[in-house]
>>> print(open('target_10.txt').read())   # compact mmCIF, C-alpha atoms and all ligand atoms
# COMPACT_ATOMS: atom_id res chain seq x y z
CA MET A 26 83.56 217.73 191.87
CA LYS A 27 85.76 214.89 193.10
CA LEU A 28 83.81 212.22 191.21
CA LYS A 29 83.30 214.08 187.94
CA GLY A 30 82.60 211.62 185.13
CA LYS A 31 82.55 208.54 187.39
CA LYS A 32 79.72 206.06 186.89
CA ILE A 33 78.32 204.62 190.09
CA LEU A 34 75.73 201.85 190.18
CA LEU A 35 74.01 201.95 193.57
CA GLY A 36 72.35 198.70 194.67
CA VAL A 37 69.72 199.18 197.36
CA THR A 38 68.49 196.18 199.32
CA GLY A 39 65.65 195.73 201.79
CA GLY A 40 66.72 197.17 205.13
CA ILE A 41 65.56 200.17 207.14
CA ALA A 42 68.85 201.96 206.30
CA ALA A 43 67.50 202.22 202.72
CA TYR A 44 65.86 205.47 203.81
CA LYS A 45 69.35 207.02 203.81
CA SER A 46 70.30 205.79 200.35
CA PRO A 47 68.72 208.73 198.46
CA SER A 48 71.22 210.97 200.34
CA ILE A 49 74.05 208.86 198.92
CA VAL A 50 72.69 209.53 195.41
CA SER A 51 72.42 213.23 196.16
CA LEU A 52 76.00 213.50 197.48
CA LEU A 53 77.37 211.49 194.55
CA LYS A 54 75.59 213.79 192.07
CA LYS A 55 76.95 216.87 193.85
CA GLN A 56 80.44 215.45 193.33
CA GLY A 57 79.82 215.10 189.59
CA ALA A 58 79.14 211.34 189.41
CA GLU A 59 76.51 209.77 187.18
CA VAL A 60 74.34 207.42 189.24
CA LYS A 61 72.08 204.54 188.29
CA VAL A 62 70.10 202.62 190.90
CA VAL A 63 69.12 198.96 191.11
CA MET A 64 66.61 198.05 193.83
CA THR A 65 65.63 194.66 195.18
CA GLU A 66 61.97 193.87 195.76
CA GLY A 67 62.62 194.28 199.52
CA ALA A 68 64.13 197.75 199.04
CA THR A 69 60.97 198.97 197.30
CA GLN A 70 59.07 198.24 200.54
CA PHE A 71 61.13 200.95 202.29
CA VAL A 72 61.67 203.62 199.59
CA THR A 73 59.89 204.07 196.27
CA PRO A 74 61.73 203.77 192.95
CA LEU A 75 60.37 207.22 192.11
CA THR A 76 62.51 208.76 194.88
CA PHE A 77 65.69 207.32 193.37
CA GLN A 78 64.56 208.12 189.83
CA THR A 79 64.09 211.77 190.81
CA MET A 80 67.37 212.00 192.74
CA SER A 81 69.49 210.20 190.14
CA ALA A 82 67.76 211.62 187.04
CA ASN A 83 67.90 208.10 185.62
CA ALA A 84 65.40 205.25 185.32
CA VAL A 85 65.53 202.90 188.31
CA HIS A 86 66.05 199.20 187.66
CA CYS A 87 64.05 196.71 189.72
CA ASP A 88 62.78 194.02 187.40
CA MET A 89 64.80 191.10 186.07
CA PHE A 90 62.35 190.12 183.39
CA LYS A 91 61.03 193.37 181.97
CA ALA A 92 61.00 194.02 178.22
CA MET A 93 64.39 195.07 176.82
CA ASP A 94 65.14 198.78 176.36
CA HIS A 95 67.53 199.49 173.46
CA MET A 96 67.78 195.69 173.04
CA ASP A 97 70.41 195.49 175.85
CA VAL A 98 70.58 192.54 178.18
CA GLU A 99 69.97 194.71 181.22
CA HIS A 100 72.09 193.03 183.88
CA ILE A 101 75.09 192.78 181.53
CA ALA A 102 74.69 196.37 180.32
CA LEU A 103 74.49 197.72 183.89
CA ALA A 104 77.46 195.65 185.04
CA LYS A 105 79.56 196.90 182.10
CA TRP A 106 78.47 200.52 182.57
CA ALA A 107 79.62 200.97 186.19
CA ASP A 108 83.06 202.15 187.32
CA MET A 109 81.99 200.98 190.75
CA ILE A 110 79.03 199.08 192.17
CA VAL A 111 78.06 200.09 195.70
CA ILE A 112 75.51 198.06 197.68
CA ALA A 113 74.15 200.32 200.42
CA PRO A 114 72.50 199.08 202.50
CA ALA A 115 73.63 195.48 201.98
CA THR A 116 71.48 192.95 203.84
CA GLU A 117 72.75 189.60 205.10
CA ASN A 118 70.65 187.96 202.36
CA THR A 119 72.27 189.89 199.47
CA ILE A 120 75.76 189.42 200.98
CA ALA A 121 75.12 185.66 201.16
CA LYS A 122 73.85 185.51 197.57
CA PHE A 123 76.90 187.45 196.36
CA ALA A 124 79.29 185.14 198.24
CA TYR A 125 77.59 181.96 196.95
CA GLY A 126 76.99 183.07 193.35
CA ILE A 127 73.23 183.01 193.62
CA ALA A 128 71.69 185.18 190.90
CA ASP A 129 67.94 185.25 191.45
CA ASN A 130 67.12 188.95 191.07
CA LEU A 131 68.45 191.83 188.99
CA LEU A 132 70.95 193.08 191.60
CA SER A 133 72.44 189.67 192.44
CA THR A 134 72.70 188.94 188.70
CA VAL A 135 74.46 192.25 188.02
CA LEU A 136 76.91 191.42 190.83
CA GLN A 137 77.79 188.07 189.29
CA ALA A 138 78.28 189.70 185.85
CA SER A 139 80.39 192.58 187.20
CA ARG A 140 84.04 193.18 186.39
CA SER A 141 84.23 196.55 188.16
CA LYS A 142 85.09 197.38 191.78
CA VAL A 143 82.34 196.44 194.21
CA MET A 144 81.81 197.98 197.64
CA VAL A 145 79.43 196.34 200.10
CA VAL A 146 78.10 198.56 202.90
CA PRO A 147 76.45 196.24 205.43
CA ALA A 148 73.47 197.29 207.56
CA MET A 149 71.75 194.80 209.83
CA ASN A 150 71.09 193.72 213.38
CA THR A 151 74.24 193.09 215.47
CA PHE A 152 73.54 189.36 215.88
CA MET A 153 72.97 188.93 212.15
CA LEU A 154 76.18 190.86 211.43
CA GLU A 155 78.12 188.69 213.88
CA SER A 156 76.48 185.39 212.85
CA PRO A 157 79.01 182.76 211.72
CA ALA A 158 77.38 182.54 208.27
CA ASN A 159 77.51 186.30 207.67
CA ARG A 160 81.08 186.63 208.98
CA GLN A 161 82.17 183.80 206.70
CA ASN A 162 80.39 185.36 203.71
CA MET A 163 81.91 188.80 204.33
CA ALA A 164 85.37 187.20 204.68
CA THR A 165 84.85 185.32 201.38
CA LEU A 166 83.94 188.56 199.60
CA LYS A 167 86.98 190.37 201.06
CA GLU A 168 89.25 187.54 199.90
CA ARG A 169 87.89 188.05 196.37
CA GLY A 170 88.81 191.75 196.48
CA VAL A 171 85.35 193.10 197.29
CA ILE A 172 85.48 196.15 199.57
CA VAL A 173 83.38 195.39 202.65
CA THR A 174 83.03 198.45 204.89
CA ASP A 175 82.64 198.67 208.64
CA THR A 176 79.37 199.51 210.32
CA GLN A 177 78.66 202.00 213.10
CA ARG A 178 77.94 201.06 216.71
CA ASP A 179 74.70 202.62 217.93
CA LEU A 180 71.14 202.01 219.08
CA LEU A 181 69.68 200.03 216.16
CA ALA A 182 66.14 200.11 214.70
CA CYS A 183 65.43 196.77 216.46
CA ASN A 184 66.31 198.42 219.84
CA ASP A 185 69.51 196.39 220.29
CA VAL A 186 72.66 198.38 220.93
CA GLY A 187 75.71 197.33 218.96
CA SER A 188 77.39 197.23 215.57
CA GLY A 189 75.37 197.00 212.38
CA LYS A 190 74.25 200.56 211.67
CA MET A 191 75.10 201.61 208.11
CA LEU A 192 77.91 204.15 207.66
CA GLU A 193 76.67 207.69 207.07
CA PRO A 194 76.14 208.74 203.41
CA ALA A 195 79.06 211.23 203.56
CA GLU A 196 81.41 208.50 204.82
CA ILE A 197 80.24 206.15 202.06
CA VAL A 198 80.85 208.79 199.36
CA ASP A 199 84.26 209.52 200.86
CA LEU A 200 85.15 205.80 200.65
CA ILE A 201 83.95 205.66 197.03
CA ASP A 202 86.22 208.64 196.27
CA PHE A 203 89.12 206.93 198.08
CA HIS A 204 88.75 203.68 196.12
CA LEU A 205 88.31 205.36 192.71
CA ARG A 206 91.22 207.80 192.94
CA GLU A 207 94.31 207.36 190.83
CA LYS A 208 97.07 206.36 193.29
CA ASP A 209 99.74 208.65 191.85
CA LEU A 210 101.43 209.15 195.24
CA ALA A 211 101.52 205.43 196.08
CA GLU A 212 105.33 205.30 196.20
CA TYR A 213 105.66 208.10 198.72
CA ILE A 214 105.50 208.79 202.43
CA VAL A 215 104.04 212.23 203.13
CA THR A 216 104.22 213.86 206.56
CA VAL A 217 101.89 216.81 207.13
CA THR A 218 101.81 219.15 210.12
CA ALA A 219 98.51 220.91 210.81
CA GLY A 220 96.71 223.15 213.24
CA PRO A 221 97.97 225.42 215.98
CA THR A 222 100.12 224.46 218.94
CA GLN A 223 99.37 225.44 222.54
CA GLU A 224 101.89 226.71 225.07
CA ALA A 225 100.64 226.55 228.64
CA VAL A 226 101.04 229.46 231.03
CA ASP A 227 99.45 227.59 233.94
CA PRO A 228 96.97 224.65 234.22
CA VAL A 229 94.20 226.95 232.91
CA ARG A 230 95.67 229.29 230.30
CA TYR A 231 97.73 228.89 227.15
CA LEU A 232 99.10 230.83 224.17
CA THR A 233 97.90 229.73 220.74
CA ASN A 234 96.66 231.10 217.38
CA HIS A 235 93.65 230.89 215.07
CA SER A 236 94.66 227.90 212.93
CA SER A 237 91.74 225.46 212.56
CA GLY A 238 93.79 222.68 210.94
CA LYS A 239 91.53 222.64 207.84
CA MET A 240 94.34 223.28 205.34
CA GLY A 241 96.59 220.57 206.78
CA TYR A 242 93.79 218.01 207.19
CA HIS A 243 92.73 218.48 203.55
CA LEU A 244 96.35 217.96 202.47
CA ALA A 245 96.66 214.78 204.56
CA THR A 246 93.34 213.37 203.33
CA ALA A 247 94.07 214.14 199.68
CA ALA A 248 97.57 212.62 199.88
CA ALA A 249 96.13 209.46 201.48
CA LYS A 250 93.42 209.18 198.83
CA ARG A 251 96.14 209.48 196.18
CA GLY A 252 97.87 206.46 197.70
CA ALA A 253 100.56 208.03 199.89
CA LYS A 254 101.34 206.66 203.33
CA VAL A 255 100.52 209.72 205.43
CA ASN A 256 101.60 210.83 208.89
CA LEU A 257 99.42 213.71 210.10
CA ILE A 258 101.04 215.52 213.03
CA SER A 259 98.37 217.78 214.42
CA GLY A 260 98.08 220.31 217.16
CA PRO A 261 94.76 220.53 219.02
CA THR A 262 91.84 221.17 216.62
CA ALA A 263 88.08 220.59 216.56
CA LEU A 264 88.43 218.29 213.51
CA SER A 265 88.14 214.50 213.60
CA ALA A 266 91.22 212.52 212.65
CA PRO A 267 90.87 211.70 208.94
CA ALA A 268 90.55 208.08 207.86
CA TYR A 269 93.52 206.37 206.21
CA VAL A 270 96.26 208.41 207.97
CA ASN A 271 98.63 207.75 210.83
CA PHE A 272 97.34 210.42 213.21
CA VAL A 273 99.88 211.87 215.64
CA PRO A 274 98.33 214.35 218.09
CA VAL A 275 100.66 216.89 219.72
CA VAL A 276 100.17 219.94 221.92
CA THR A 277 103.28 222.15 221.98
CA THR A 278 105.72 223.26 219.28
CA GLN A 279 108.42 221.17 220.99
CA ASP A 280 106.08 218.11 220.75
CA MET A 281 105.56 218.87 217.04
CA PHE A 282 109.34 219.25 216.54
CA ASP A 283 109.91 215.85 218.22
CA ALA A 284 107.15 214.15 216.20
CA VAL A 285 108.50 215.51 212.89
CA GLY A 286 111.94 214.25 213.99
CA ALA A 287 110.51 210.76 214.60
CA TYR A 288 109.12 210.54 211.04
CA PHE A 289 111.62 212.68 209.12
CA ASP A 290 113.99 209.94 207.91
CA GLU A 291 111.20 207.85 206.35
CA THR A 292 109.48 210.91 204.87
CA ASP A 293 109.62 211.76 201.13
CA VAL A 294 107.53 214.93 201.41
CA LEU A 295 107.19 217.13 204.51
CA ILE A 296 104.36 219.67 204.29
CA LYS A 297 104.44 222.26 207.07
CA ALA A 298 100.87 223.59 207.03
CA ALA A 299 100.76 223.99 210.82
CA ALA A 300 100.95 227.31 212.58
CA PRO A 301 103.28 226.40 215.47
CA ALA A 302 103.55 228.95 218.26
CA ASP A 303 106.86 230.78 217.79
CA PHE A 304 107.13 231.58 221.49
CA LYS A 305 106.30 229.92 224.80
CA PRO A 306 106.21 231.23 228.37
CA ALA A 307 109.70 231.24 229.93
CA SER A 308 108.28 229.34 232.88
CA TYR A 309 105.17 227.32 233.62
CA SER A 310 103.24 227.86 236.81
CA ALA A 311 102.10 224.49 238.19
CA GLN A 312 99.35 226.29 240.12
CA LYS A 313 96.71 228.55 238.63
CA VAL A 314 98.00 232.15 238.55
CA LYS A 315 95.58 234.12 240.72
CA LYS A 316 93.76 237.13 239.33
CA ASP A 317 95.45 239.55 241.76
CA SER A 318 99.01 238.42 240.78
CA ASP A 319 101.20 240.94 238.96
CA MET A 320 100.84 239.84 235.31
CA SER A 321 101.88 243.15 233.73
CA SER A 322 104.56 241.24 231.81
CA LEU A 323 104.89 237.64 230.64
CA GLN A 324 108.41 236.45 229.79
CA LEU A 325 108.54 234.46 226.57
CA VAL A 326 111.27 232.32 225.02
CA LYS A 327 111.62 231.20 221.41
CA ASN A 328 110.39 227.79 220.27
CA PRO A 329 112.41 225.77 217.75
CA ASP A 330 111.71 226.60 214.10
CA ILE A 331 110.75 223.14 212.84
CA ALA A 332 110.81 223.92 209.10
CA LYS A 333 114.19 225.65 209.36
CA HIS A 334 115.74 222.82 211.39
CA PHE A 335 114.61 220.05 209.02
CA GLY A 336 115.22 222.22 205.94
CA ALA A 337 118.90 222.30 206.92
CA LYS A 338 118.94 218.50 207.48
CA LYS A 339 117.05 217.35 204.39
CA THR A 340 118.71 215.13 201.79
CA ASP A 341 116.33 214.27 198.96
CA GLN A 342 113.10 215.09 200.79
CA VAL A 343 110.74 217.65 199.29
CA LEU A 344 109.93 220.34 201.87
CA VAL A 345 106.77 222.42 201.38
CA GLY A 346 106.22 225.35 203.74
CA PHE A 347 103.43 227.84 204.25
CA ALA A 348 103.68 231.50 205.16
CA ALA A 349 100.96 233.32 207.05
CA GLU A 350 101.62 237.01 206.56
CA SER A 351 99.66 240.20 207.14
CA GLN A 352 101.81 242.49 204.93
CA ASN A 353 104.57 242.31 202.27
CA GLU A 354 103.64 238.67 201.93
CA ILE A 355 105.62 237.92 198.77
CA ALA A 356 108.86 239.44 200.06
CA PHE A 357 108.52 237.82 203.51
CA GLY A 358 107.49 234.52 201.92
CA ARG A 359 110.50 234.54 199.60
CA GLY A 360 112.75 235.15 202.61
CA LYS A 361 111.28 232.10 204.37
CA LEU A 362 111.63 229.95 201.23
CA GLU A 363 115.35 230.67 201.19
CA LYS A 364 116.09 230.71 204.94
CA LYS A 365 114.24 227.43 205.59
CA HIS A 366 115.60 225.64 202.45
CA LEU A 367 112.06 224.96 201.22
CA ASP A 368 111.33 223.57 197.74
CA MET A 369 108.07 225.45 197.64
CA ILE A 370 106.20 227.93 199.83
CA VAL A 371 102.46 228.58 199.88
CA ILE A 372 101.92 232.18 200.91
CA ASN A 373 98.62 233.44 202.30
CA ASN A 374 97.82 236.96 203.40
CA ILE A 375 95.78 236.18 206.49
CA THR A 376 94.09 239.59 206.42
CA ALA A 377 92.62 239.06 202.92
CA ALA A 378 88.88 238.30 202.65
CA ASN A 379 89.13 234.80 201.16
CA ALA A 380 92.31 233.58 202.77
CA GLY A 381 93.95 232.29 205.89
CA PHE A 382 92.83 230.91 209.21
CA GLN A 383 89.59 228.95 209.65
CA LYS A 384 88.10 229.73 206.22
CA ASP A 385 87.02 226.95 203.86
CA VAL A 386 88.70 228.78 200.97
CA ASN A 387 92.17 230.20 200.50
CA THR A 388 93.90 232.61 198.11
CA VAL A 389 97.60 231.96 197.83
CA THR A 390 100.75 232.63 195.88
CA ILE A 391 103.08 229.66 195.48
CA LEU A 392 106.80 230.30 195.07
CA HIS A 393 109.15 227.54 193.97
CA ALA A 394 112.86 227.30 194.78
CA ASP A 395 113.60 227.35 191.01
CA GLY A 396 111.94 230.78 190.72
CA ALA A 397 108.56 229.66 189.33
CA VAL A 398 105.56 231.61 190.63
CA ASP A 399 101.99 230.30 190.65
CA GLU A 400 98.86 232.26 191.51
CA PRO A 401 96.01 229.75 191.34
CA GLY A 402 93.32 232.20 192.51
CA THR A 403 90.74 231.67 195.22
CA MET A 404 89.70 228.04 195.67
CA SER A 405 88.44 225.75 198.40
CA LYS A 406 91.12 224.41 200.73
CA GLU A 407 90.17 220.93 199.48
CA GLU A 408 90.95 221.94 195.86
CA LEU A 409 94.08 223.82 196.94
CA ALA A 410 95.34 220.67 198.67
CA GLU A 411 95.09 218.79 195.34
CA HIS A 412 96.82 221.67 193.54
CA ILE A 413 99.71 221.70 196.02
CA LEU A 414 100.06 217.91 195.74
CA ASP A 415 100.07 218.12 191.91
CA GLN A 416 102.99 220.55 192.10
CA THR A 417 104.76 218.46 194.74
CA LEU A 418 104.45 215.38 192.51
CA GLU A 419 106.07 217.33 189.64
CA ILE A 420 109.05 218.10 191.92
CA LEU A 421 109.29 214.46 193.03
CA LYS A 422 109.19 213.20 189.44
CA ALA A 423 111.90 215.65 188.37
CA ARG A 424 114.34 214.21 190.98
O1 LIG H 501 94.59 225.82 209.74
P1 LIG H 501 93.73 226.74 208.89
O2 LIG H 501 92.71 227.48 209.71
O3 LIG H 501 93.13 226.02 207.70
O4 LIG H 501 94.67 227.87 208.30
C1 LIG H 501 95.69 227.54 207.42
C2 LIG H 501 96.98 228.33 207.72
C3 LIG H 501 96.73 229.78 207.49
C4 LIG H 501 97.41 228.07 209.17
C5 LIG H 501 98.09 227.75 206.80
O5 LIG H 501 97.69 227.87 205.50
C6 LIG H 501 99.40 228.48 207.01
O6 LIG H 501 99.64 229.52 206.46
N1 LIG H 501 100.30 227.86 207.85
C7 LIG H 501 101.55 228.46 208.25
C8 LIG H 501 101.35 229.31 209.45
C9 LIG H 501 102.67 229.82 209.97
O7 LIG H 501 103.10 229.41 211.04
O8 LIG H 501 103.29 230.63 209.16
P2 LIG H 501 104.75 231.27 209.44
O9 LIG H 501 104.90 232.23 208.33
O10 LIG H 501 104.83 231.73 210.84
O11 LIG H 501 105.74 230.04 209.28
C10 LIG H 501 106.40 229.71 208.04
C11 LIG H 501 106.60 228.21 207.96
O12 LIG H 501 107.41 227.75 209.02
C12 LIG H 501 105.30 227.42 208.04
O13 LIG H 501 105.38 226.33 207.14
C13 LIG H 501 105.29 226.93 209.48
O14 LIG H 501 104.61 225.68 209.62
C14 LIG H 501 106.76 226.78 209.79
N2 LIG H 501 107.09 227.01 211.21
C15 LIG H 501 106.76 228.15 211.83
C16 LIG H 501 107.11 228.34 213.15
C17 LIG H 501 107.82 227.32 213.83
N3 LIG H 501 108.20 227.46 215.09
N4 LIG H 501 108.16 226.20 213.18
C18 LIG H 501 107.80 226.02 211.88
O15 LIG H 501 108.09 224.99 211.28
>>> encode(input="target_10.txt", output="structure tokens")
Amino acid sequence: MKLKGKKILLGVTGGIAAYKSPSIVSLLKKQGAEVKVVMTEGATQFVTPLTFQTMSANAVHCDMFKAMDHMDVEHIALAKWADMIVIAPATENTIAKFAYGIADNLLSTVLQASRSKVMVVPAMNTFMLESPANRQNMATLKERGVIVTDTQRDLLACNDVGSGKMLEPAEIVDLIDFHLREKDLAEYIVTVTAGPTQEAVDPVRYLTNHSSGKMGYHLATAAAKRGAKVNLISGPTALSAPAYVNFVPVVTTQDMFDAVGAYFDETDVLIKAAAPADFKPASYSAQKVKKDSDMSSLQLVKNPDIAKHFGAKKTDQVLVGFAAESQNEIAFGRGKLEKKHLDMIVINNITAANAGFQKDVNTVTILHADGAVDEPGTMSKEELAEHILDQTLEILKAR
């Protein structure tokens, strides 16, 4: 429930992308937001007010001159109510009216009366998007502090291929979350390692492990939303690079070691959520090893322990480690906390039902260097990321 208690006023204007706007309402509601909808006359040609009324569980506002409910001046009351106004889709016409201060329907009037954050999510034909007038109007809005999002490049409804397709509802909701979050990590640079590493045996095969990167990617995304400058150093995963982070892809543990080294001095918080391969083949075969070769043994050598190396070097950085254990997890985790000079270790028993690799949830015990123990119970990795960052912020503030 990332948006619990937030009040979002969704403005819907007359473009074909309006058919996706009910999904925005649905996703916002699932995240705990209260949603009210204002539609232009054009928007009602694409989607009925009843759809939005049903999805938002609130009356939909279309008419500038209807009789007053509760004796409120409607456009002022709506403008005051919203924590954020989101126009999705935003047509060239509504963008132009907003830029020029034209208030000739309920939505454009609300926009002129607004004191809250406004996000404009354009959707239009590529040539309209790129037209000098529209570019100028979008630039004017940005200069005034309005958030104007990108569009997607795709085959458009008019059969042209190019930019102008509205962002997907999930991306829009993610941006709303980003812009409404308290920026309590704004002073800090957070470096997160995530995912597995791969150690090649030959051009075909490699050693790796089951890490999906989910835990680390949630940590990086949450830290960025909370205002931190984030470096995400990731081994190969199936996940897309999160928005708002400096994404540093790596393959081997040595690559990850080098990348952490490159960012370590500027880093305030290093979170080692990755599962780097501890060993690599002693030698790499440049040619594919044939099936009939003698492979009864594979010589391995140790990789550098990244957390241990930088734990010994740290000055005032906060170092958060993870431990993936299959037995005696608390005792082994405590050993790693001490040996690697960590400030905090997040221990998961990877054999437990709701914990460890690839799952969307995790069950952990968190040990602190000062002896504090926290058992937050099973939660989604997204929630756990926030929990870990809350505790990290406490350590930073106490320094
Ligand atoms: O990616 P997911 O599928 O979401 O799964 C999440 C996770 C289970 C991978 C994650 O929560 C986790 O536990 N990561 C640590 C995995 C691991 O390598 O544990 P470890 O006990 O072997 O290592 C202890 C710490 O040292 C870890 O912070 C690890 O990043 C670090 N380490 C380990 C080996 C190495 N060569 N260098 C390191 O820095």
>>> atom_distance(input="target_10.txt", atom1="CA of Met369 in chain A", atom2="CA of Lys208 in chain A")
22.5 Å
>>> residues_near_ligand(input="target_10.txt", ligand="ligand LIG 501 (chain H)", cutoff="8 Å", atoms="only C-alpha atoms and all ligand atoms", output="PyMOL selection string")
chain A and resi 218-221+235-241+278+282+296-304+328-334+345-350+358+361+365+370-373+375+380-385+387+406
>>> residues_around(input="target_10.txt", residues="Pro267 in chain A", least_positions_apart="6", cutoff="9 Å", atoms="all atoms listed in the file", output="ChimeraX atom specification")
/A:242-243,245-246,257
>>> closest_residue(input="target_10.txt", among="A:Ala158, A:Ala247, A:Ser318, A:Tyr213", to="Leu409 in chain A", atoms="all atoms listed in the file")
A:Ala247
>>> atom_distance(input="target_10.txt", atom1="CA of Lys45 in chain A", atom2="CA of Val186 in chain A")
19.5 Å
>>> residues_around(input="target_10.txt", residues="Ser48 in chain A", least_positions_apart="4", cutoff="10 Å", atoms="only C-alpha atoms", output="PyMOL selection string")
chain A and resi 43-44+52-54+77+80+193-195+198
>>> closest_residue(input="target_10.txt", among="A:Lys105, A:Lys250, A:Arg160, A:His86", to="Glu117 in chain A", atoms="only C-alpha atoms")
A:Arg160
>>> closest_residue(input="target_10.txt", among="A:Leu362, A:Ile258, A:Ala84, A:Val343", to="Gly286 in chain A", atoms="only C-alpha atoms")
A:Ile258
>>> closest_residue(input="target_10.txt", among="A:Thr73, A:Ser46, A:Lys122, A:Glu66", to="Ile197 in chain A", atoms="all atoms listed in the file")
A:Ser46
>>> closest_residue(input="target_10.txt", among="A:Met281, A:Leu35, A:Ile201, A:Leu132", to="Ile101 in chain A", atoms="all atoms listed in the file")
A:Leu132
>>> closest_residue(input="target_10.txt", among="A:Thr376, A:Asn256, A:Ser141, A:Thr390", to="Leu34 in chain A", atoms="all atoms listed in the file")
A:Ser141
>>> atom_distance(input="target_10.txt", atom1="CA of Thr174 in chain A", atom2="CA of Pro147 in chain A")
7.0 Å
>>> residues_near_point(input="target_10.txt", point="(92.6, 223.8, 192.2)", cutoff="12 Å", atoms="only C-alpha atoms", output="PyMOL selection string")
chain A and resi 26-27+386-389+399-416
>>> residues_around(input="target_10.txt", residues="Thr116 in chain A", least_positions_apart="3", cutoff="8 Å", atoms="all atoms listed in the file", output="tab-separated table (two decimals) with C-alpha atoms, keeping the file's coordinate frame")
chain	number	residue	atom	x	y	z
A	38	THR	CA	68.49	196.18	199.32
A	39	GLY	CA	65.65	195.73	201.79
A	40	GLY	CA	66.72	197.17	205.13
A	119	THR	CA	72.27	189.89	199.47
A	120	ILE	CA	75.76	189.42	200.98
A	147	PRO	CA	76.45	196.24	205.43
A	148	ALA	CA	73.47	197.29	207.56
A	149	MET	CA	71.75	194.80	209.83
